[in-house]
Amino acid sequence: MGASLTVAALPRPQRLALDETALLLIDMQRDFLEPGGFGAALGNDVSQLRACVAPCAKLLAEARRLGLLVVHTREGHRPDLTDLHPEKLARCPAGGAIGERGPMGRILVRGEPGHGIIPELRPITGEVVIDKPGKGAFHATDLDLVLRRAGTRCLIACGVTTEVCVHSTVREANDRGFRVLVPSDCCASYFPTFHQAGLEMIAAQGGIFGFVTDSASLLAGTADIPARGVQ
Ligand code: C5J
């Protein structure tokens, strides 16, 4: 039997079998976290998202050490924008629309510098990268297939932003029968009140969408588990 650990969480502690657990890093892209990208074009203070980078990096390093399946997602569109719904485009600000040129290349377009994952969390060989056109990571992607093929039953969902792409993905995962843990310090929002409310919604009503924990609680039980992955 593989290693497992018990994690303090709301509304109740969770036991995780590491062989059945994946770390999901949602949209930790320059377009959301750095000035000059999509997040900034929408009028947001992108510095609000920086606090979650170091905790994500710690979890990522431990997930690699333990050999967990690591999945990164990136929100973005094909260069010809054929996967960009007109409704989504219509809600972009003038001068900062998806596909327009900005300081980090064309906004939210695959292959452009802004679409890339921030250097601190850059994927390594063997990790899965899912390109998604929507907010939820299961919509119009093969994420479900990848997770089921790997025997994943439980997700640790991190990333930005808490109430948009993290929440959409947590809800989709929950409906597909995955158990989801969200470490509160490993996700962030441009709006601190939305971050807080988003987390509360997940754990409310007996864990209606999943469970809320933090990186320290996740890491507390792993030090004694021998390495199985990349060092
Ligand atoms: C947003 C995301 N906020 N990754 N995308 O538009 O949360």
# chains A, B, ... in the order shown; residues from 1 in each chain; ligands from 1
call {"tool": "residues_around", "arguments": {"residues": "Glu75 in chain A", "least_positions_apart": "6", "cutoff": "9 Å", "atoms": "only C-alpha atoms", "output": "list in words"}}
result
Ile26, Asp27, Gln29, Leu108, Val109, Arg110, His115, Ile130, Asp131, Lys132, Pro133, Gly134, Lys135, Ala137 and Cys165 of chain A
call {"tool": "write_last_selection", "arguments": {"atoms": "N, CA and C atoms", "output": "mmCIF file, in the first residue's frame"}}
result
data_model
loop_
_atom_site.group_PDB
_atom_site.id
_atom_site.type_symbol
_atom_site.label_atom_id
_atom_site.label_comp_id
_atom_site.auth_asym_id
_atom_site.auth_seq_id
_atom_site.Cartn_x
_atom_site.Cartn_y
_atom_site.Cartn_z
ATOM 1 N N ILE A 26 -3.361 26.113 -11.034
ATOM 2 C CA ILE A 26 -4.295 26.711 -11.990
ATOM 3 C C ILE A 26 -3.849 28.114 -12.419
ATOM 4 N N ASP A 27 -3.508 28.249 -13.680
ATOM 5 C CA ASP A 27 -3.334 29.559 -14.334
ATOM 6 C C ASP A 27 -2.324 30.484 -13.645
ATOM 7 N N GLN A 29 0.014 32.173 -14.470
ATOM 8 C CA GLN A 29 0.595 32.723 -15.705
ATOM 9 C C GLN A 29 0.980 34.182 -15.533
ATOM 10 N N LEU A 108 -3.475 36.932 -23.553
ATOM 11 C CA LEU A 108 -4.129 35.628 -23.349
ATOM 12 C C LEU A 108 -4.145 34.752 -24.604
ATOM 13 N N VAL A 109 -3.076 34.829 -25.363
ATOM 14 C CA VAL A 109 -2.944 34.003 -26.573
ATOM 15 C C VAL A 109 -1.804 32.994 -26.368
ATOM 16 N N ARG A 110 -2.081 31.753 -26.702
ATOM 17 C CA ARG A 110 -1.102 30.668 -26.527
ATOM 18 C C ARG A 110 0.185 30.949 -27.296
ATOM 19 N N HIS A 115 1.365 34.421 -21.769
ATOM 20 C CA HIS A 115 0.602 33.184 -21.563
ATOM 21 C C HIS A 115 1.395 32.177 -20.723
ATOM 22 N N ILE A 130 -2.136 21.705 -19.227
ATOM 23 C CA ILE A 130 -3.454 21.717 -19.871
ATOM 24 C C ILE A 130 -3.759 23.135 -20.339
ATOM 25 N N ASP A 131 -3.968 23.309 -21.620
ATOM 26 C CA ASP A 131 -4.387 24.609 -22.150
ATOM 27 C C ASP A 131 -5.901 24.641 -22.236
ATOM 28 N N LYS A 132 -6.478 25.661 -21.625
ATOM 29 C CA LYS A 132 -7.940 25.717 -21.527
ATOM 30 C C LYS A 132 -8.456 27.060 -22.035
ATOM 31 N N PRO A 133 -9.530 27.043 -22.797
ATOM 32 C CA PRO A 133 -10.079 28.298 -23.293
ATOM 33 C C PRO A 133 -11.049 28.965 -22.318
ATOM 34 N N GLY A 134 -11.487 28.212 -21.303
ATOM 35 C CA GLY A 134 -12.491 28.743 -20.385
ATOM 36 C C GLY A 134 -11.934 28.946 -18.991
ATOM 37 N N LYS A 135 -12.821 29.139 -18.059
ATOM 38 C CA LYS A 135 -12.425 29.334 -16.662
ATOM 39 C C LYS A 135 -12.209 27.977 -15.982
ATOM 40 N N ALA A 137 -11.134 24.171 -15.629
ATOM 41 C CA ALA A 137 -10.059 23.426 -16.307
ATOM 42 C C ALA A 137 -10.550 22.152 -16.976
ATOM 43 N N CYS A 165 -11.171 31.040 -11.768
ATOM 44 C CA CYS A 165 -10.744 29.758 -12.351
ATOM 45 C C CYS A 165 -10.559 28.662 -11.313
#
call {"tool": "residues_near_ligand", "arguments": {"ligand": "ligand 1", "cutoff": "10 Å", "atoms": "only C-alpha atoms and all ligand atoms", "output": "PDB file with C-alpha atoms, in the first residue's frame"}}
result
ATOM      1  CA  ILE A  26      -4.295  26.711 -11.990  1.00  0.00           C
ATOM      2  CA  ASP A  27      -3.334  29.559 -14.334  1.00  0.00           C
ATOM      3  CA  MET A  28      -0.177  30.757 -12.547  1.00  0.00           C
ATOM      4  CA  GLN A  29       0.595  32.723 -15.705  1.00  0.00           C
ATOM      5  CA  ASP A  31      -0.894  37.282 -17.881  1.00  0.00           C
ATOM      6  CA  PHE A  32      -2.541  37.188 -14.454  1.00  0.00           C
ATOM      7  CA  LEU A  33       0.369  37.806 -12.091  1.00  0.00           C
ATOM      8  CA  PHE A  38      -4.821  40.280 -18.990  1.00  0.00           C
ATOM      9  CA  GLY A  39      -5.379  40.789 -15.248  1.00  0.00           C
ATOM     10  CA  LEU A  42      -9.071  44.376 -16.580  1.00  0.00           C
ATOM     11  CA  ASN A  44      -6.737  44.826 -11.358  1.00  0.00           C
ATOM     12  CA  THR A  73      -3.239  24.778 -16.417  1.00  0.00           C
ATOM     13  CA  ARG A  74      -3.073  27.862 -18.605  1.00  0.00           C
ATOM     14  CA  GLU A  75      -6.038  29.961 -19.663  1.00  0.00           C
ATOM     15  CA  GLY A  76      -5.627  31.208 -23.217  1.00  0.00           C
ATOM     16  CA  LYS A  88     -15.979  36.465 -23.602  1.00  0.00           C
ATOM     17  CA  LEU A 108      -4.129  35.628 -23.349  1.00  0.00           C
ATOM     18  CA  LYS A 132      -7.940  25.717 -21.527  1.00  0.00           C
ATOM     19  CA  GLY A 134     -12.491  28.743 -20.385  1.00  0.00           C
ATOM     20  CA  LYS A 135     -12.425  29.334 -16.662  1.00  0.00           C
ATOM     21  CA  GLY A 136     -13.001  25.732 -15.561  1.00  0.00           C
ATOM     22  CA  ALA A 137     -10.059  23.426 -16.307  1.00  0.00           C
ATOM     23  CA  GLY A 159      -3.742  28.969  -8.279  1.00  0.00           C
ATOM     24  CA  VAL A 160      -5.478  32.108  -9.403  1.00  0.00           C
ATOM     25  CA  THR A 161      -7.943  33.493  -9.066  1.00  0.00           C
ATOM     26  CA  THR A 162      -9.755  31.958  -6.121  1.00  0.00           C
ATOM     27  CA  GLU A 163     -13.283  32.883  -7.100  1.00  0.00           C
ATOM     28  CA  VAL A 164     -12.891  32.548 -10.886  1.00  0.00           C
ATOM     29  CA  CYS A 165     -10.744  29.758 -12.351  1.00  0.00           C
ATOM     30  CA  VAL A 166      -9.996  27.973  -9.075  1.00  0.00           C
ATOM     31  CA  HIS A 167     -13.659  27.996  -8.075  1.00  0.00           C
ATOM     32  CA  SER A 168     -14.914  26.962 -11.518  1.00  0.00           C
ATOM     33  CA  THR A 169     -12.452  24.073 -11.555  1.00  0.00           C
ATOM     34  CA  ALA A 188      -5.329  34.338  -4.402  1.00  0.00           C
ATOM     35  CA  SER A 189      -7.710  36.914  -5.802  1.00  0.00           C
ATOM     36  CA  TYR A 190      -7.494  40.547  -6.894  1.00  0.00           C
TER      37      TYR A 190
END
call {"tool": "select_by_dssp", "arguments": {"residues": "range 6-229 of chain A", "states": "strand (DSSP E)", "output": "VMD selection string"}}
result
chain A and resid 6 to 7 14 to 17 21 to 26 69 to 75 101 to 102 105 to 106 128 to 132 154 to 160 179 to 183 187 to 188 211 to 213
call {"tool": "closest_residue", "arguments": {"among": "A:Arg64, A:Arg106, A:Arg148, A:His139", "to": "Leu81 in chain A", "atoms": "only C-alpha atoms"}}
result
A:Arg106
call {"tool": "closest_residue", "arguments": {"among": "A:Leu145, A:Leu23, A:Ile98, A:Leu121", "to": "Arg78 in chain A", "atoms": "only C-alpha atoms"}}
result
A:Ile98
call {"tool": "residues_around", "arguments": {"residues": "Asp19 in chain A", "least_positions_apart": "4", "cutoff": "9 Å", "atoms": "only C-alpha atoms", "output": "list in words"}}
result
Gly2, Ala3, Ser4, Gly67, Leu68, Leu69, Ala150, Gly151 and Thr152 of chain A
call {"tool": "write_last_selection", "arguments": {"atoms": "N, CA, C and O atoms", "output": "PDB file, in the first residue's frame"}}
result
ATOM      1  N   GLY A   2       0.491   2.269  -0.770  1.00  0.00           N
ATOM      2  CA  GLY A   2       1.282   3.492  -0.866  1.00  0.00           C
ATOM      3  C   GLY A   2       1.128   4.371   0.372  1.00  0.00           C
ATOM      4  O   GLY A   2       0.317   4.100   1.248  1.00  0.00           O
ATOM      5  N   ALA A   3       1.941   5.439   0.415  1.00  0.00           N
ATOM      6  CA  ALA A   3       1.930   6.342   1.567  1.00  0.00           C
ATOM      7  C   ALA A   3       0.641   7.160   1.589  1.00  0.00           C
ATOM      8  O   ALA A   3       0.044   7.441   0.555  1.00  0.00           O
ATOM      9  N   SER A   4       0.250   7.523   2.800  1.00  0.00           N
ATOM     10  CA  SER A   4      -0.904   8.408   2.943  1.00  0.00           C
ATOM     11  C   SER A   4      -0.651   9.360   4.099  1.00  0.00           C
ATOM     12  O   SER A   4       0.258   9.160   4.900  1.00  0.00           O
ATOM     13  N   GLY A  67       6.684  12.480  -5.818  1.00  0.00           N
ATOM     14  CA  GLY A  67       6.256  11.822  -7.053  1.00  0.00           C
ATOM     15  C   GLY A  67       4.779  11.942  -7.346  1.00  0.00           C
ATOM     16  O   GLY A  67       4.213  11.099  -8.063  1.00  0.00           O
ATOM     17  N   LEU A  68       4.112  12.968  -6.820  1.00  0.00           N
ATOM     18  CA  LEU A  68       2.696  13.185  -7.149  1.00  0.00           C
ATOM     19  C   LEU A  68       2.542  13.577  -8.613  1.00  0.00           C
ATOM     20  O   LEU A  68       3.442  14.204  -9.187  1.00  0.00           O
ATOM     21  N   LEU A  69       1.391  13.257  -9.163  1.00  0.00           N
ATOM     22  CA  LEU A  69       1.061  13.797 -10.474  1.00  0.00           C
ATOM     23  C   LEU A  69       0.910  15.312 -10.322  1.00  0.00           C
ATOM     24  O   LEU A  69       0.181  15.785  -9.444  1.00  0.00           O
ATOM     25  N   ALA A 150      -4.501   8.271 -14.641  1.00  0.00           N
ATOM     26  CA  ALA A 150      -3.473   8.186 -13.597  1.00  0.00           C
ATOM     27  C   ALA A 150      -4.031   7.620 -12.286  1.00  0.00           C
ATOM     28  O   ALA A 150      -3.290   7.473 -11.316  1.00  0.00           O
ATOM     29  N   GLY A 151      -5.319   7.345 -12.244  1.00  0.00           N
ATOM     30  CA  GLY A 151      -5.916   6.815 -11.014  1.00  0.00           C
ATOM     31  C   GLY A 151      -6.155   7.870  -9.950  1.00  0.00           C
ATOM     32  O   GLY A 151      -6.287   7.553  -8.764  1.00  0.00           O
ATOM     33  N   THR A 152      -6.234   9.107 -10.362  1.00  0.00           N
ATOM     34  CA  THR A 152      -6.414  10.209  -9.402  1.00  0.00           C
ATOM     35  C   THR A 152      -7.846  10.250  -8.870  1.00  0.00           C
ATOM     36  O   THR A 152      -8.802  10.148  -9.638  1.00  0.00           O
TER      37      THR A 152
END
call {"tool": "residues_around", "arguments": {"residues": "range 217-219 of chain A", "least_positions_apart": "5", "cutoff": "9 Å", "atoms": "only C-alpha atoms", "output": "PyMOL selection string"}}
result
chain A and resi 5-9+58-59+62+183
call {"tool": "decode", "arguments": {"residues": "range 147-159 of chain A", "atoms": "all heavy atoms", "output": "mmCIF file, in the first residue's frame"}}
result
data_model
loop_
_atom_site.group_PDB
_atom_site.id
_atom_site.type_symbol
_atom_site.label_atom_id
_atom_site.label_comp_id
_atom_site.auth_asym_id
_atom_site.auth_seq_id
_atom_site.Cartn_x
_atom_site.Cartn_y
_atom_site.Cartn_z
ATOM 1 N N LEU A 147 -6.500 12.636 -15.577
ATOM 2 C CA LEU A 147 -6.594 12.309 -14.148
ATOM 3 C C LEU A 147 -7.057 10.864 -13.951
ATOM 4 O O LEU A 147 -6.499 10.128 -13.131
ATOM 5 C CB LEU A 147 -7.556 13.266 -13.439
ATOM 6 C CG LEU A 147 -7.109 14.739 -13.379
ATOM 7 C CD1 LEU A 147 -8.197 15.595 -12.752
ATOM 8 C CD2 LEU A 147 -5.804 14.883 -12.595
ATOM 9 N N ARG A 148 -8.072 10.464 -14.696
ATOM 10 C CA ARG A 148 -8.603 9.096 -14.508
ATOM 11 C C ARG A 148 -7.589 8.054 -14.970
ATOM 12 O O ARG A 148 -7.429 7.004 -14.354
ATOM 13 C CB ARG A 148 -9.936 8.938 -15.226
ATOM 14 C CG ARG A 148 -11.018 9.748 -14.537
ATOM 15 C CD ARG A 148 -12.409 9.468 -15.024
ATOM 16 N NE ARG A 148 -13.283 10.574 -14.635
ATOM 17 C CZ ARG A 148 -13.795 10.741 -13.423
ATOM 18 N NH1 ARG A 148 -13.522 9.879 -12.462
ATOM 19 N NH2 ARG A 148 -14.568 11.784 -13.151
ATOM 20 N N ARG A 149 -6.867 8.346 -16.019
ATOM 21 C CA ARG A 149 -5.823 7.443 -16.521
ATOM 22 C C ARG A 149 -4.748 7.231 -15.453
ATOM 23 O O ARG A 149 -4.159 6.160 -15.336
ATOM 24 C CB ARG A 149 -5.252 8.049 -17.804
ATOM 25 C CG ARG A 149 -3.892 7.609 -18.243
ATOM 26 C CD ARG A 149 -3.914 6.224 -18.887
ATOM 27 N NE ARG A 149 -2.618 5.877 -19.442
ATOM 28 C CZ ARG A 149 -1.512 5.634 -18.748
ATOM 29 N NH1 ARG A 149 -1.528 5.720 -17.437
ATOM 30 N NH2 ARG A 149 -0.390 5.303 -19.351
ATOM 31 N N ALA A 150 -4.501 8.271 -14.641
ATOM 32 C CA ALA A 150 -3.473 8.186 -13.597
ATOM 33 C C ALA A 150 -4.031 7.620 -12.286
ATOM 34 O O ALA A 150 -3.290 7.473 -11.316
ATOM 35 C CB ALA A 150 -2.885 9.574 -13.350
ATOM 36 N N GLY A 151 -5.319 7.345 -12.244
ATOM 37 C CA GLY A 151 -5.916 6.815 -11.014
ATOM 38 C C GLY A 151 -6.155 7.870 -9.950
ATOM 39 O O GLY A 151 -6.287 7.553 -8.764
ATOM 40 N N THR A 152 -6.234 9.107 -10.362
ATOM 41 C CA THR A 152 -6.414 10.209 -9.402
ATOM 42 C C THR A 152 -7.846 10.250 -8.870
ATOM 43 O O THR A 152 -8.802 10.148 -9.638
ATOM 44 C CB THR A 152 -6.107 11.562 -10.099
ATOM 45 O OG1 THR A 152 -4.779 11.503 -10.616
ATOM 46 C CG2 THR A 152 -6.249 12.721 -9.138
ATOM 47 N N ARG A 153 -7.942 10.394 -7.558
ATOM 48 C CA ARG A 153 -9.270 10.552 -6.933
ATOM 49 C C ARG A 153 -9.364 11.840 -6.153
ATOM 50 O O ARG A 153 -10.451 12.306 -5.822
ATOM 51 C CB ARG A 153 -9.533 9.376 -5.994
ATOM 52 C CG ARG A 153 -9.570 8.054 -6.745
ATOM 53 C CD ARG A 153 -9.493 6.900 -5.804
ATOM 54 N NE ARG A 153 -10.681 6.873 -4.963
ATOM 55 C CZ ARG A 153 -11.336 5.763 -4.678
ATOM 56 N NH1 ARG A 153 -10.941 4.617 -5.163
ATOM 57 N NH2 ARG A 153 -12.380 5.794 -3.892
ATOM 58 N N CYS A 154 -8.197 12.387 -5.828
ATOM 59 C CA CYS A 154 -8.176 13.563 -4.969
ATOM 60 C C CYS A 154 -7.281 14.637 -5.585
ATOM 61 O O CYS A 154 -6.210 14.331 -6.107
ATOM 62 C CB CYS A 154 -7.627 13.127 -3.613
ATOM 63 S SG CYS A 154 -7.642 14.439 -2.428
ATOM 64 N N LEU A 155 -7.736 15.879 -5.544
ATOM 65 C CA LEU A 155 -6.971 16.995 -6.111
ATOM 66 C C LEU A 155 -6.623 18.001 -5.023
ATOM 67 O O LEU A 155 -7.467 18.326 -4.182
ATOM 68 C CB LEU A 155 -7.804 17.725 -7.163
ATOM 69 C CG LEU A 155 -8.223 16.935 -8.401
ATOM 70 C CD1 LEU A 155 -9.174 17.769 -9.243
ATOM 71 C CD2 LEU A 155 -6.990 16.556 -9.203
ATOM 72 N N ILE A 156 -5.389 18.505 -5.085
ATOM 73 C CA ILE A 156 -5.018 19.675 -4.284
ATOM 74 C C ILE A 156 -5.000 20.830 -5.278
ATOM 75 O O ILE A 156 -4.150 20.879 -6.173
ATOM 76 C CB ILE A 156 -3.638 19.476 -3.633
ATOM 77 C CG1 ILE A 156 -3.662 18.262 -2.701
ATOM 78 C CG2 ILE A 156 -3.232 20.737 -2.865
ATOM 79 C CD1 ILE A 156 -2.285 17.814 -2.236
ATOM 80 N N ALA A 157 -5.975 21.731 -5.156
ATOM 81 C CA ALA A 157 -6.158 22.768 -6.168
ATOM 82 C C ALA A 157 -5.614 24.109 -5.672
ATOM 83 O O ALA A 157 -6.078 24.651 -4.671
ATOM 84 C CB ALA A 157 -7.637 22.904 -6.520
ATOM 85 N N CYS A 158 -4.615 24.626 -6.412
ATOM 86 C CA CYS A 158 -3.968 25.895 -6.087
ATOM 87 C C CYS A 158 -4.109 26.818 -7.295
ATOM 88 O O CYS A 158 -4.389 26.348 -8.400
ATOM 89 C CB CYS A 158 -2.475 25.686 -5.850
ATOM 90 S SG CYS A 158 -2.072 24.440 -4.626
ATOM 91 N N GLY A 159 -3.830 28.092 -7.120
ATOM 92 C CA GLY A 159 -3.742 28.969 -8.279
ATOM 93 C C GLY A 159 -4.567 30.226 -8.183
ATOM 94 O O GLY A 159 -4.994 30.647 -7.109
#
